[in-house]
Amino acid sequence: MQFQTIPLSQLKPHPRNVRKTGGTSITDLAASIAAHGLLHPLVVSPMGAEFEVVAGARRLAAMKTLAENEDLPEQLASGIPCQVMAAGSVVELSLAENVIRQAMHPADEFDAFRALVEQGETIEGVAARFGVKARHVEERLRLANVAPALLDVFRAGGMTLEQVMALSVVEDHAAQIEVWGDDRKLSWERQPNRLRESLVEREITSDHGIAEFVGLDAYTEAGGKVRPDLFSDIVVLEDGALLNRLATAKLKERADQLKCEGWGWVEAKLSWPYQERHQFKVIEAAKPMPLLGVIVTIGNGGKFEVHKGLLRPGDKAPANANPKGDKKAQKTAAGNPMAEVNNRLTAVRTGAIRAALRIDPMAAMAVLASAMAADRFNLRGELATGLAGDLSVMPYNGNLDAKAVIDAVDPAGVKDAAAWRKAVEAGVKKHGSVLVWLLKNAPQVDPLLCFLAAEVVDPEPYGADAAALMHQAITEIGVDLSKHWQLTPEWLQAQGRPYILAALEQAMGKDKFAKGGWAALKPAALPEQAHKALVATGWMPEPMRAPEVKKPAVKKAANGGKA
């Protein structure tokens with residue numbers, strides 16, 4: 001093989017180049033040759049008066065483009081550096097050229113661009129020299145700011161480019177390393193979207209409720225700084241204190257308007273967590289009253305959320321605040337007369353499940369294990385598994401009225417809670433931890449598990465399929481709801497006429513209900529007659545009703561076979 005300078009006009013692509021795909025973009029390469037010259041000579045084979053390019057077809061195309069635009073560097077105008085080889089080795093050398101050669105690793109590109117910028121080159125200048133867009137350079141510079149230890153993982157093949165992009169959403173190297181984790185981190189936890197979500201949880205982004213409430217324009221006009229994520233639509237608002245001040249001012253402005261309506265008090269809250277909300281009672285009143293107030297906060301989508309007619313904890317409702325005197329309240333109650341009753345029945349069901357779990361260690365362990373398995377294997381939201389998989393394992397935080405019903409059905413709960421608290425505290429004082437105490441007192445484990453499972457069980461299904469599976473689980477646990485509640489004329493009478501009529505319409509259907517003349521039946525006769533009709537149809541209130549369990553559909557594989 002010999003070295004020779006050959007005019008560009010005598011060079012043409014070789015038809016037997018082994019590369020058949022890729023290498024079609026020459027714009028960036030042409031820009032590089034224009035800025036830096038030809039860094040690697042072409043490999044050619046003589047063919048008559050011309051030479052066929054065995055290795056370097058993209059470089060040849062780039063130089064021809066430059067020549068057509070009269071941009072070919074002066075040092076190449078007189079000839080192109082080439083290595084000439086014998087025709088018999090063309091395919092072998094072409095194969096070696098394309099197999100052995102490796103493209104620059106993206107991490108090396110990050111470092112190269114950063115080095116040029118640090119030497120004083122502008123982003124636009126770097127982009128022009130390498131034939132890429134300025135946005136591409138900006139992206140690479142952002143990626144270069146990922147923690148060096150993580151870039152080493154990327155170079156070693158332990159991380160994808162998409163994961164590096166996700167980590168670059170923040171500039172805090174410690175946060176990046178913490179979110180990436182160690183070898184115990186599960187692969188699904190390192191998916192790009194999970195990494196990005198975990199990092200932006202620590203910052204306020206443009207899709208956060210308070211950011212939507214204030215508005216990006218108002219925030220920037222007040223001097224707030226933003227940091228866009230080059231690899232997603234996320235914009236980080238860096239001045240959280242300023243954002244909170246703007247949101248508070250906007251809420252107070254609305255609160256001042258509400259005070260003029262005559263309410264006893266009005267509060268503006270940036271957030272109003274559930275633990276606080278359930279402490280207030282809502283009193284339906286025809287007009288504002290001195291003891292009733294309003295809380296204005298930020299709702300879904302960054303909208304104003306206004307709660308009127310609130311009674312603070314410890315305050316007594318005004319004597320003239322009668323829900324029955326409020327036509328709007330009457331209409332709301334008539335529109336859904338079953339809601340309050342269903343809430344009470346749900347509490348009855350919860351109490352019945354708790355009572356059963358307190359005396360059944362095997363069922364208690366199954367409930368706790370099922371919830372832990374659903375978390376461990378990330379099944380929540382993917383499978384409708386009723387009580388066994390959609391079980392919330394946390395202390396009960398429901399409203400006080402529902403808790404009273406639960407305690408009435410499961411009276412042992414209050415007594416057990418006090419006894420176990422005393423026992424656990426004594427164990428900790430003696431042994432230093434709950435675990436050591438239990439390891440030294442093994443007989444306590446099963447009854448404690450029963451108590452804990454009963455305390456944390458939360459049978460609130462989401463969707464019909466989950467409800468059906470939950471009722472199936474209740475049966476497996478051994479809960480007999482009929483021991484705690486029965487449909488009787490007396491029970492129906494206690495719920496009131498609107499509830500009875502709604503139950504009949506639900507059981508019979510609108511047409512049959514309308515033809516039956518139930519609405520004209522005398523109040524004294526309605527409960528007894530309704531009970532007979534409801535029993536005949538098999539109707540039960542929704543919390544006590546066991547829906548039919550649907551069999552999962554069999555999915556077919558793409559090749560036509562069964563999955």
# chains A, B, ... in the order shown; residues from 1 in each chain; ligands from 1
>>> residues_around(residues="Ile234 (chain A)", least_positions_apart="3", cutoff="10 Å", atoms="only C-alpha atoms", output="MDAnalysis selection string")
chainID A and resid 169 196 200 204:207 227:231 237
>>> residues_around(residues="region 405-408 of chain A", least_positions_apart="5", cutoff="12 Å", atoms="only C-alpha atoms", output="VMD selection string")
chain A and resid 341 343 to 355 396 398 to 400 413 to 417 454 to 455 457 to 458 484
>>> closest_residue(among="A:Gln83, A:Thr297, A:Ser9, A:Ser482", to="His40 (chain A)", atoms="only C-alpha atoms")
A:Gln83
>>> residues_around(residues="Leu72 (chain A)", least_positions_apart="4", cutoff="8 Å", atoms="only C-alpha atoms", output="JSON, numbers by chain")
{"A": [34, 63, 66, 67, 76, 77]}
>>> write_last_selection(atoms="N, CA, C and O atoms", output="mmCIF file, in the first residue's frame")
data_model
loop_
_atom_site.group_PDB
_atom_site.id
_atom_site.type_symbol
_atom_site.label_atom_id
_atom_site.label_comp_id
_atom_site.auth_asym_id
_atom_site.auth_seq_id
_atom_site.Cartn_x
_atom_site.Cartn_y
_atom_site.Cartn_z
ATOM 1 N N ALA A 34 -14.290 21.218 6.789
ATOM 2 C CA ALA A 34 -14.067 22.633 6.470
ATOM 3 C C ALA A 34 -13.296 23.330 7.584
ATOM 4 O O ALA A 34 -12.468 24.208 7.330
ATOM 5 N N MET A 63 -16.518 16.068 0.983
ATOM 6 C CA MET A 63 -15.599 16.950 0.252
ATOM 7 C C MET A 63 -16.177 17.384 -1.088
ATOM 8 O O MET A 63 -15.967 18.521 -1.527
ATOM 9 N N LEU A 66 -18.488 20.194 -0.311
ATOM 10 C CA LEU A 66 -17.732 21.416 -0.050
ATOM 11 C C LEU A 66 -17.216 22.028 -1.352
ATOM 12 O O LEU A 66 -17.220 23.259 -1.532
ATOM 13 N N ALA A 67 -16.774 21.173 -2.276
ATOM 14 C CA ALA A 67 -16.258 21.672 -3.555
ATOM 15 C C ALA A 67 -17.362 22.347 -4.357
ATOM 16 O O ALA A 67 -17.144 23.404 -4.986
ATOM 17 N N LEU A 76 -6.712 21.020 0.436
ATOM 18 C CA LEU A 76 -7.274 19.870 -0.275
ATOM 19 C C LEU A 76 -7.565 20.172 -1.742
ATOM 20 O O LEU A 76 -7.897 19.248 -2.515
ATOM 21 N N ALA A 77 -7.469 21.434 -2.130
ATOM 22 C CA ALA A 77 -7.820 21.815 -3.508
ATOM 23 C C ALA A 77 -6.884 21.183 -4.530
ATOM 24 O O ALA A 77 -7.290 20.831 -5.650
#
>>> select_by_dssp(residues="region 106-187 of chain A", states="alpha helix (DSSP H)", output="count of residues only")
54
>>> atom_distance(atom1="CA of Pro443 (chain A)", atom2="CA of Thr475 (chain A)")
27.7 Å
>>> select_by_dssp(residues="region 13-226 of chain A", states="strand (DSSP E or B)", output="count of residues only")
21
>>> closest_residue(among="A:Ala31, A:Ala222, A:Ala147, A:Val306", to="Leu251 (chain A)", atoms="only C-alpha atoms")
A:Val306
>>> residues_around(residues="Val535 (chain A)", least_positions_apart="5", cutoff="12 Å", atoms="only C-alpha atoms", output="ChimeraX atom specification")
/A:486-489,503-504,507-508,528-530,540-541
>>> closest_residue(among="A:Gln4, A:Ser168, A:Gln493, A:Asn244", to="Ser232 (chain A)", atoms="only C-alpha atoms")
A:Ser168
>>> atom_distance(atom1="CA of Val53 (chain A)", atom2="CA of Pro7 (chain A)")
12.5 Å
>>> atom_distance(atom1="CA of Val266 (chain A)", atom2="CA of Leu243 (chain A)")
22.0 Å
